[in-house]
file input.txt (compact mmCIF, C-alpha atoms and all ligand atoms)
# COMPACT_ATOMS: atom_id res chain seq x y z
CA MET O 1 0.00 0.00 0.00
CA ALA O 2 2.92 2.31 0.59
CA GLY O 3 3.34 2.44 -3.16
CA HIS O 4 0.43 4.82 -3.32
CA HIS O 5 2.63 7.37 -1.69
CA GLY O 6 5.48 7.03 -4.17
CA PRO O 7 7.40 10.17 -4.89
CA GLY O 8 6.37 10.31 -8.51
CA PRO O 9 8.07 12.21 -11.28
CA THR O 10 10.22 15.20 -10.66
CA GLY O 11 8.33 18.41 -10.09
CA ARG O 12 4.96 16.80 -10.19
CA ALA O 13 2.10 19.06 -9.24
CA VAL O 14 -1.13 17.14 -9.10
CA ALA O 15 -4.44 18.91 -9.16
CA ALA O 16 -7.12 17.83 -6.76
CA VAL O 17 -8.14 14.26 -7.44
CA VAL O 18 -11.84 13.68 -7.66
CA LEU O 19 -12.61 10.27 -6.26
CA ALA O 20 -16.06 9.65 -7.55
CA VAL O 21 -17.38 10.29 -10.99
CA SER O 22 -19.20 13.53 -10.74
CA VAL O 23 -22.78 13.44 -11.89
CA ALA O 24 -22.08 16.77 -13.51
CA ALA O 25 -18.98 15.61 -15.33
CA GLY O 26 -20.56 13.06 -17.64
CA GLY O 27 -22.34 15.62 -19.71
CA GLY O 28 -24.83 13.21 -21.20
CA ASP O 29 -26.81 12.26 -18.15
CA ALA O 30 -29.36 14.42 -16.50
CA PRO O 31 -28.04 16.06 -13.38
CA THR O 32 -29.36 15.03 -10.02
CA ARG O 33 -32.54 16.94 -9.39
CA ALA O 34 -33.60 18.33 -6.09
CA GLY O 35 -35.49 15.70 -4.22
CA ASP O 36 -34.74 12.99 -6.77
CA GLY O 37 -32.17 10.25 -6.28
CA CYS O 38 -31.50 11.35 -2.75
CA ALA O 39 -33.21 8.61 -0.81
CA LEU O 40 -30.15 8.04 1.32
CA GLY O 41 -30.10 4.85 3.35
CA ARG O 42 -29.34 4.64 7.02
CA GLY O 43 -25.83 4.34 8.40
CA ALA O 44 -22.57 5.36 6.81
CA LEU O 45 -22.65 6.57 3.24
CA THR O 46 -20.00 6.04 0.61
CA VAL O 47 -18.92 8.44 -2.09
CA ASP O 48 -21.08 6.36 -4.45
CA ASP O 49 -24.18 7.04 -2.37
CA LEU O 50 -23.50 10.76 -2.47
CA PRO O 51 -21.63 11.43 -5.71
CA ALA O 52 -19.59 14.53 -6.25
CA GLY O 53 -21.89 17.30 -7.40
CA SER O 54 -24.80 16.17 -5.21
CA SER O 55 -26.41 18.79 -3.03
CA VAL O 56 -26.06 17.97 0.65
CA LEU O 57 -28.99 20.29 1.22
CA ASP O 58 -31.33 18.52 -1.20
CA CYS O 59 -30.11 15.16 0.14
CA ALA O 60 -30.25 16.21 3.82
CA ALA O 61 -26.73 14.87 4.16
CA VAL O 62 -25.18 17.38 6.57
CA GLY O 63 -24.14 15.46 9.67
CA ARG O 64 -24.04 12.10 7.85
CA LEU O 65 -20.86 10.00 7.78
CA VAL O 66 -19.24 9.44 4.38
CA THR O 67 -16.52 6.81 4.09
CA HIS O 68 -13.94 5.99 1.45
CA GLU O 69 -11.32 3.23 1.64
CA GLY O 70 -11.59 3.07 5.42
CA ALA O 71 -11.37 6.82 5.97
CA GLY O 72 -14.47 8.71 6.95
CA VAL O 73 -15.71 12.20 7.74
CA THR O 74 -19.01 13.70 8.76
CA VAL O 75 -20.48 15.93 6.07
CA PRO O 76 -19.96 19.52 7.25
CA GLU O 77 -22.10 22.61 6.82
CA PRO O 78 -21.99 24.36 3.42
CA GLY O 79 -18.91 26.50 2.96
CA THR O 80 -16.72 24.08 4.90
CA LYS O 81 -14.04 21.54 4.08
CA VAL O 82 -13.02 18.70 6.39
CA THR O 83 -9.90 16.55 6.08
CA VAL O 84 -8.88 13.43 8.00
CA ASP O 85 -5.20 12.48 8.16
CA ALA O 86 -4.26 9.24 9.86
CA LEU O 87 -0.72 8.38 10.91
CA SER O 88 -0.44 4.64 10.50
CA VAL O 89 2.07 1.94 11.28
CA ASP O 90 2.24 0.70 7.69
CA GLY O 91 1.30 3.66 5.50
CA SER O 92 -1.99 2.05 4.53
CA ARG O 93 -4.20 4.97 5.53
CA HIS O 94 -4.82 7.80 3.15
CA GLY O 95 -6.12 11.24 3.82
CA PHE O 96 -9.64 11.98 2.76
CA THR O 97 -11.26 15.35 2.20
CA VAL O 98 -14.91 16.30 1.86
CA GLU O 99 -15.76 19.81 0.74
CA VAL O 100 -19.23 21.31 0.72
CA ALA O 101 -19.49 24.45 -1.36
CA ALA O 102 -21.54 27.41 -0.20
CA ASP O 103 -24.39 26.23 -2.46
CA GLY O 104 -24.35 22.77 -0.86
CA ARG O 105 -22.63 20.82 -3.62
CA ILE O 106 -20.23 18.17 -2.33
CA SER O 107 -16.82 17.21 -3.69
CA TYR O 108 -14.12 14.80 -2.58
CA GLY O 109 -10.38 14.58 -2.55
CA ARG O 110 -7.75 12.27 -1.24
CA ALA O 111 -5.59 14.52 0.85
CA ASP O 112 -2.35 12.78 -0.05
CA ALA O 113 -2.84 12.47 -3.77
CA GLY O 114 -4.84 15.64 -4.04
CA SER O 115 -2.18 17.83 -2.60
CA GLU O 116 0.82 19.13 -4.40
CA GLU O 117 3.82 16.92 -4.02
CA HIS O 118 7.18 18.16 -5.14
CA THR O 119 10.14 15.89 -5.47
CA HIS O 120 13.15 17.84 -6.58
CA ALA O 121 15.66 15.07 -6.01
CA ALA O 122 16.02 12.68 -8.92
CA ALA O 123 17.33 9.76 -6.89
CA PRO O 124 15.37 6.52 -6.95
CA ALA O 125 12.99 5.88 -4.10
CA ALA O 126 14.70 2.67 -3.08
CA ALA O 127 16.35 4.12 0.00
CA ALA O 128 15.45 6.91 2.35
CA ARG O 129 17.43 10.09 1.91
CA PRO O 130 18.87 11.88 4.91
CA ALA O 131 16.45 14.42 6.37
CA CYS O 132 18.37 17.45 5.13
CA ALA O 133 19.04 16.00 1.67
CA ASP O 134 15.41 15.34 0.81
CA SER O 135 13.30 18.16 -0.62
CA ALA O 136 10.05 16.24 -0.93
CA TYR O 137 6.92 17.63 0.64
CA ALA O 138 3.18 17.67 0.19
CA VAL O 139 0.83 20.41 1.22
CA GLY O 140 -2.89 20.40 1.82
CA GLU O 141 -5.19 23.29 1.11
CA HIS O 142 -5.51 25.11 4.41
CA LYS O 143 -3.32 27.28 6.60
CA GLU O 144 -3.52 29.01 9.96
CA TYR O 145 -3.77 32.71 9.23
CA GLY O 146 -3.52 33.82 12.83
CA THR O 147 -3.33 31.93 16.09
CA TYR O 148 -4.12 28.25 16.56
CA ASP O 149 -6.08 28.14 19.81
CA TRP O 150 -6.05 24.69 21.36
CA TRP O 151 -7.19 22.82 24.48
CA LEU O 152 -6.15 19.61 26.19
CA GLY O 153 -8.70 16.88 26.85
CA ASP O 154 -9.21 16.11 30.53
CA GLY O 155 -9.29 12.33 30.00
CA PRO O 156 -6.37 9.90 29.72
CA LEU O 157 -3.36 11.18 27.82
CA PRO O 158 -0.69 9.32 25.83
CA GLY O 159 2.07 7.79 27.90
CA ASP O 160 -0.12 8.33 30.98
CA LEU O 161 1.39 11.81 31.10
CA SER O 162 0.07 14.34 33.53
CA PRO O 163 -1.81 17.21 31.88
CA ALA O 164 1.16 19.47 32.57
CA ALA O 165 3.60 17.06 30.94
CA ALA O 166 1.30 16.45 27.96
CA ARG O 167 0.89 20.19 27.52
CA ARG O 168 4.66 20.62 27.46
CA ALA O 169 5.08 17.82 24.93
CA PHE O 170 2.36 19.11 22.63
CA GLU O 171 3.46 22.73 22.95
CA SER O 172 6.96 21.67 22.02
CA ALA O 173 5.69 19.78 18.99
CA ILE O 174 3.47 22.64 17.83
CA GLY O 175 6.40 24.97 18.47
CA THR O 176 8.55 22.89 16.15
CA ILE O 177 6.13 23.56 13.31
CA ILE O 178 5.47 27.25 13.93
CA GLY O 179 9.13 27.82 14.78
CA THR O 180 10.35 25.76 11.80
CA ARG O 181 12.83 23.90 14.03
CA ASN O 182 15.26 21.95 11.92
CA ASP O 183 18.89 20.87 11.75
CA CYS O 184 19.23 21.81 8.11
CA GLY O 185 20.12 25.47 8.61
CA TYR O 186 16.79 27.02 7.68
CA GLY O 187 15.34 29.95 9.58
CA ASP O 188 11.77 30.32 10.79
CA ALA O 189 9.33 30.63 7.92
CA VAL O 190 5.98 30.33 9.65
CA GLY O 191 4.13 33.44 10.74
CA ALA O 192 1.31 31.53 12.44
CA ARG O 193 1.12 31.31 16.21
CA ALA O 194 -0.43 28.96 18.73
CA LYS O 195 -1.98 29.41 22.14
CA TYR O 196 -2.79 26.76 24.70
CA HIS O 197 -5.90 27.48 26.74
CA THR O 198 -7.04 25.01 29.42
CA LEU O 199 -8.08 21.46 30.13
CA THR O 200 -11.52 20.80 28.70
CA HIS O 201 -14.33 18.31 29.09
CA ARG O 202 -14.72 18.47 25.33
CA GLU O 203 -13.14 15.79 23.19
CA ALA O 204 -11.44 15.67 19.84
CA ASN O 205 -14.15 15.25 17.21
CA VAL O 206 -12.78 11.88 16.13
CA ASP O 207 -14.60 8.58 16.66
CA SER O 208 -13.25 5.11 17.48
CA ARG O 209 -12.84 4.29 13.79
CA ALA O 210 -10.69 7.39 13.27
CA HIS O 211 -13.51 9.13 11.41
CA CYS O 212 -14.11 12.84 11.84
CA THR O 213 -17.36 13.58 13.63
CA ARG O 214 -19.21 16.89 13.71
CA ARG O 215 -16.95 19.73 14.79
CA ASP O 216 -17.69 21.60 17.99
CA GLY O 217 -15.55 24.66 17.32
CA VAL O 218 -12.92 23.77 19.93
CA SER O 219 -9.54 22.36 18.88
CA VAL O 220 -8.76 19.54 21.32
CA TRP O 221 -5.74 17.25 21.66
CA ASP O 222 -6.55 14.04 23.51
CA ALA O 223 -6.26 10.25 23.49
CA GLY O 224 -8.61 7.35 23.01
CA ASP O 225 -9.17 4.19 21.02
CA LEU O 226 -8.86 4.40 17.26
CA SER O 227 -8.89 1.73 14.58
CA GLY O 228 -5.97 -0.68 14.78
CA GLY O 229 -3.08 0.38 12.58
CA VAL O 230 -3.72 4.07 13.23
CA VAL O 231 -1.29 5.64 15.70
CA ALA O 232 -2.90 9.08 15.70
CA THR O 233 -5.40 11.06 13.67
CA THR O 234 -5.94 14.73 12.89
CA CYS O 235 -9.25 16.16 11.68
CA SER O 236 -9.10 19.65 10.21
CA TRP O 237 -11.94 21.97 9.22
CA SER O 238 -11.43 25.03 7.06
CA ARG O 239 -13.32 27.62 5.05
CA PRO O 240 -12.41 28.99 1.63
CA VAL O 241 -10.59 32.28 1.21
CA ALA O 242 -10.86 34.15 -2.07
CA GLY O 243 -7.50 34.00 -3.81
CA GLY O 244 -5.74 32.20 -0.95
CA ARG O 245 -5.46 29.01 0.99
CA ASP O 246 -8.41 27.86 3.03
CA TRP O 247 -8.62 29.29 6.55
CA LEU O 248 -8.22 26.74 9.32
CA LYS O 249 -11.17 26.89 11.71
CA GLU O 250 -10.56 23.86 13.92
CA ALA O 251 -8.11 20.97 14.11
CA ASP O 252 -8.45 18.09 16.57
CA VAL O 253 -5.78 15.48 17.32
CA ARG O 254 -6.30 12.09 18.96
CA PHE O 255 -3.64 9.57 19.93
CA ASN O 256 -4.59 5.89 19.76
CA THR O 257 -3.92 4.72 23.30
CA GLY O 258 -6.30 1.79 22.81
CA ASP O 259 -3.86 -0.09 20.58
CA TYR O 260 -0.46 1.52 21.10
CA THR O 261 1.94 2.49 23.84
CA PHE O 262 3.49 5.94 23.92
CA THR O 263 6.42 7.44 25.75
CA ASP O 264 7.79 10.96 26.15
CA ASN O 265 11.29 9.62 26.63
CA PRO O 266 12.27 6.60 24.53
CA THR O 267 15.25 4.86 26.12
CA ASP O 268 17.56 2.07 24.99
CA ARG O 269 15.03 -0.35 26.42
CA CYS O 270 12.20 1.00 24.28
CA ALA O 271 10.63 -1.88 22.36
CA ASN O 272 7.40 -0.80 20.74
CA ALA O 273 6.37 2.55 22.19
CA TYR O 274 5.81 5.58 19.99
CA ASP O 275 7.52 8.84 20.83
CA ILE O 276 4.83 11.32 21.83
CA ARG O 277 6.70 14.38 20.57
CA SER O 278 7.50 12.77 17.22
CA VAL O 279 3.88 11.81 16.65
CA ALA O 280 2.68 15.18 17.93
CA THR O 281 5.04 17.07 15.61
CA HIS O 282 3.73 15.09 12.64
CA GLU O 283 0.13 15.80 13.65
CA ALA O 284 0.92 19.47 14.20
CA GLY O 285 2.26 19.46 10.66
CA HIS O 286 -1.20 18.45 9.47
CA VAL O 287 -2.80 21.11 11.66
CA PHE O 288 -0.73 23.80 9.95
CA GLY O 289 -1.33 22.42 6.46
CA LEU O 290 1.29 19.82 5.59
CA GLY O 291 0.39 16.54 3.89
CA HIS O 292 2.18 13.20 3.74
CA VAL O 293 5.24 12.14 1.81
CA GLY O 294 5.65 8.45 1.08
CA SER O 295 8.17 5.74 0.46
CA GLY O 296 11.73 6.98 0.10
CA HIS O 297 11.07 9.96 2.36
CA GLU O 298 11.39 8.23 5.71
CA GLY O 299 13.63 11.02 7.02
CA GLN O 300 10.85 13.62 6.89
CA THR O 301 8.53 14.31 9.81
CA MET O 302 5.61 14.13 7.39
CA PHE O 303 6.44 10.60 6.22
CA THR O 304 3.19 8.66 6.18
CA ASN O 305 4.28 5.99 8.68
CA SER O 306 5.33 6.28 12.29
CA PHE O 307 8.34 4.45 13.71
CA ALA O 308 8.30 3.06 17.23
CA CYS O 309 11.01 4.30 19.60
CA SER O 310 12.32 6.89 17.12
CA THR O 311 12.60 10.56 18.06
CA ALA O 312 13.72 11.64 14.58
CA ALA O 313 10.39 13.25 13.67
CA ARG O 314 10.72 15.73 16.55
CA THR O 315 12.89 17.82 14.21
CA LEU O 316 11.88 18.86 10.71
CA GLY O 317 13.59 17.69 7.56
CA ARG O 318 14.34 19.81 4.54
CA GLY O 319 11.16 18.83 2.73
CA ASP O 320 9.06 19.61 5.81
CA VAL O 321 10.60 23.08 5.92
CA LEU O 322 10.10 23.67 2.20
CA GLY O 323 6.47 22.64 2.56
CA LEU O 324 5.93 25.15 5.34
CA ARG O 325 7.64 27.82 3.25
CA ARG O 326 5.30 27.05 0.42
CA ILE O 327 2.27 27.57 2.66
CA TYR O 328 3.48 30.48 4.78
ZN ZN W 1 -0.18 12.02 8.98
call {"tool": "encode", "arguments": {"input": "input.txt", "output": "structure tokens"}}
result
Amino acid sequence: MAGHHGPGPTGRAVAAVVLAVSVAAGGGDAPTRAGDGCALGRGALTVDDLPAGSSVLDCAAVGRLVTHEGAGVTVPEPGTKVTVDALSVDGSRHGFTVEVAADGRISYGRADAGSEEHTHAAAPAAAARPACADSAYAVGEHKEYGTYDWWLGDGPLPGDLSPAAARRAFESAIGTIIGTRNDCGYGDAVGARAKYHTLTHREANVDSRAHCTRRDGVSVWDAGDLSGGVVATTCSWSRPVAGGRDWLKEADVRFNTGDYTFTDNPTDRCANAYDIRSVATHEAGHVFGLGHVGSGHEGQTMFTNSFACSTAARTLGRGDVLGLRRIY
């Protein structure tokens, strides 16, 4: 499955990939009419049930779950885009984006393939390049224009950290993104800021299958059970900006403490625990608009897989930095 994330040809810039055949794209068929063809069944919908171009208003689909290849998001209000990014142990999870235009028409994208991926190095993908020798990055469609306000869930936290320790770990990780911390000699490129608020009873709007639920307007970092194979998940909601990147409105992060062990301090005896700050830095990358890079780019924080006991992703690679520079 990791092959889906291959680096591709040099300088590739892929336009948004539409997953489902749009009812409007065929040309010959009559478009979906209001009230017709919208007898949606119960339970989760697929992109086939609600094809691109359908009106979520006519179909009463706002608040319904739409899934694709294991990823899923709850259909947001018109004028909103939602993206799920899962950090997996084997690279098998892809990002998935659902956008509802202001007029209610829905469209889909796969966050990984739909984002721009630039691979300036011409070397084959057989081996990972050192972090500072790899220029590959992928960017999503949103950015933080101002300050990312975030809260910490008051339930269990990864590594059984205290709230104070978890706050420090997450603040450090977020700080790595907004401070562009790297060992490659690049200065800070990100103008966005972040502000921690308080512990909250609210939870990340992510369910136990790593699907994005309805957003509550509060960006929460917490822990819970997610689908096996998923180490952590970020759900991001944004709104379009004329002539610019989408404006981030909320981004929630959940660590999968149901299936995995985490530590804030991997030691020589670490066997299968994931480094909290490495995972958190990767997730913060999604929060601020970075996408995944795949096979051959293992040295980048935004590589699609997570490695147990490694702290390497705490610091950005060259591609991570170039991606941030592209956005900010
Ligand atoms: Zn990820």
call {"tool": "closest_residue", "arguments": {"input": "input.txt", "among": "O:Ala242, O:Val62, O:Ala223, O:Ala101", "to": "Thr257 (chain O)", "atoms": "all atoms listed in the file"}}
result
O:Ala223
call {"tool": "residues_near_ligand", "arguments": {"input": "input.txt", "ligand": "ligand ZN 1 (chain W)", "cutoff": "7 Å", "atoms": "all atoms listed in the file", "output": "tab-separated table (two decimals) with C-alpha atoms, keeping the file's coordinate frame"}}
result
chain	number	residue	atom	x	y	z
O	85	ASP	CA	-5.20	12.48	8.16
O	86	ALA	CA	-4.26	9.24	9.86
O	87	LEU	CA	-0.72	8.38	10.91
O	282	HIS	CA	3.73	15.09	12.64
O	283	GLU	CA	0.13	15.80	13.65
O	286	HIS	CA	-1.20	18.45	9.47
O	291	GLY	CA	0.39	16.54	3.89
O	292	HIS	CA	2.18	13.20	3.74
O	302	MET	CA	5.61	14.13	7.39
O	304	THR	CA	3.19	8.66	6.18
call {"tool": "closest_residue", "arguments": {"input": "input.txt", "among": "O:Gly191, O:Gly185, O:Gly63, O:Gly243", "to": "Tyr148 (chain O)", "atoms": "all atoms listed in the file"}}
result
O:Gly191
call {"tool": "atom_distance", "arguments": {"input": "input.txt", "atom1": "CA of Gly146 (chain O)", "atom2": "CA of Val73 (chain O)"}}
result
25.3 Å
call {"tool": "atom_distance", "arguments": {"input": "input.txt", "atom1": "CA of Gln300 (chain O)", "atom2": "CA of Glu99 (chain O)"}}
result
28.0 Å
call {"tool": "atom_distance", "arguments": {"input": "input.txt", "atom1": "CA of Gly228 (chain O)", "atom2": "CA of Thr83 (chain O)"}}
result
19.7 Å
call {"tool": "closest_residue", "arguments": {"input": "input.txt", "among": "O:Asp216, O:Asp222, O:Asp58, O:Glu171", "to": "Gly155 (chain O)", "atoms": "all atoms listed in the file"}}
result
O:Asp222
call {"tool": "residues_around", "arguments": {"input": "input.txt", "residues": "Gly153 (chain O)", "least_positions_apart": "5", "cutoff": "9 Å", "atoms": "all atoms listed in the file", "output": "ChimeraX atom specification"}}
result
/O:163,198-204,220-223
call {"tool": "closest_residue", "arguments": {"input": "input.txt", "among": "O:Ala61, O:Val56, O:Asp160, O:Asp320", "to": "Arg181 (chain O)", "atoms": "all atoms listed in the file"}}
result
O:Asp320
call {"tool": "residues_around", "arguments": {"input": "input.txt", "residues": "Val293 (chain O)", "least_positions_apart": "5", "cutoff": "7 Å", "atoms": "only C-alpha atoms", "output": "PyMOL selection string"}}
result
chain O and resi 5+136-138+302-304
call {"tool": "closest_residue", "arguments": {"input": "input.txt", "among": "O:Ala52, O:Val98, O:Ala131, O:Cys38", "to": "Ala312 (chain O)", "atoms": "only C-alpha atoms"}}
result
O:Ala131
call {"tool": "residues_around", "arguments": {"input": "input.txt", "residues": "Val279 (chain O)", "least_positions_apart": "5", "cutoff": "9 Å", "atoms": "all atoms listed in the file", "output": "MDAnalysis selection string"}}
result
chainID O and resid 87 173 231:232 255 274 284 301 306 311 313:314
call {"tool": "residues_around", "arguments": {"input": "input.txt", "residues": "Ala280 (chain O)", "least_positions_apart": "6", "cutoff": "8 Å", "atoms": "all atoms listed in the file", "output": "ChimeraX atom specification"}}
result
/O:169-170,173-174
call {"tool": "closest_residue", "arguments": {"input": "input.txt", "among": "O:Val206, O:Leu316, O:Leu45, O:Cys184", "to": "Ala133 (chain O)", "atoms": "all atoms listed in the file"}}
result
O:Cys184
call {"tool": "residues_around", "arguments": {"input": "input.txt", "residues": "Ala60 (chain O)", "least_positions_apart": "4", "cutoff": "12 Å", "atoms": "only C-alpha atoms", "output": "PyMOL selection string"}}
result
chain O and resi 34-41+50+54-56+64-65+75-78+104-106
call {"tool": "closest_atom_pairs", "arguments": {"input": "input.txt", "of": "region 283-313 of chain O", "to": "region 259-271 of chain O", "cutoff": "10 Å", "atoms": "all atoms listed in the file", "output": "Markdown table"}}
result
| residue | atom | partner | partner_atom | distance |
| --- | --- | --- | --- | --- |
| O:Ala308 | CA | O:Ala271 | CA | 7.5 |
| O:Cys309 | CA | O:Pro266 | CA | 5.6 |
| O:Ser310 | CA | O:Pro266 | CA | 7.4 |
| O:Thr311 | CA | O:Pro266 | CA | 7.6 |
call {"tool": "write_last_selection", "arguments": {"input": "input.txt", "atoms": "C-alpha atoms", "output": "tab-separated table (two decimals), in the coordinates of the input"}}
result
chain	number	residue	atom	x	y	z
O	308	ALA	CA	8.30	3.06	17.23
O	309	CYS	CA	11.01	4.30	19.60
O	310	SER	CA	12.32	6.89	17.12
O	311	THR	CA	12.60	10.56	18.06
call {"tool": "residues_near_point", "arguments": {"input": "input.txt", "point": "(-12.1, 22.0, 7.1)", "cutoff": "10 Å", "atoms": "all atoms listed in the file", "output": "list in words"}}
result
Pro76, Gly79, Thr80, Lys81, Val82, Thr83, Val84, Thr97, Val98, Glu99, Val100, Glu141, His142, Arg215, Cys235, Ser236, Trp237, Ser238, Arg239, Pro240, Asp246, Trp247, Leu248, Lys249, Glu250 and Ala251 of chain O
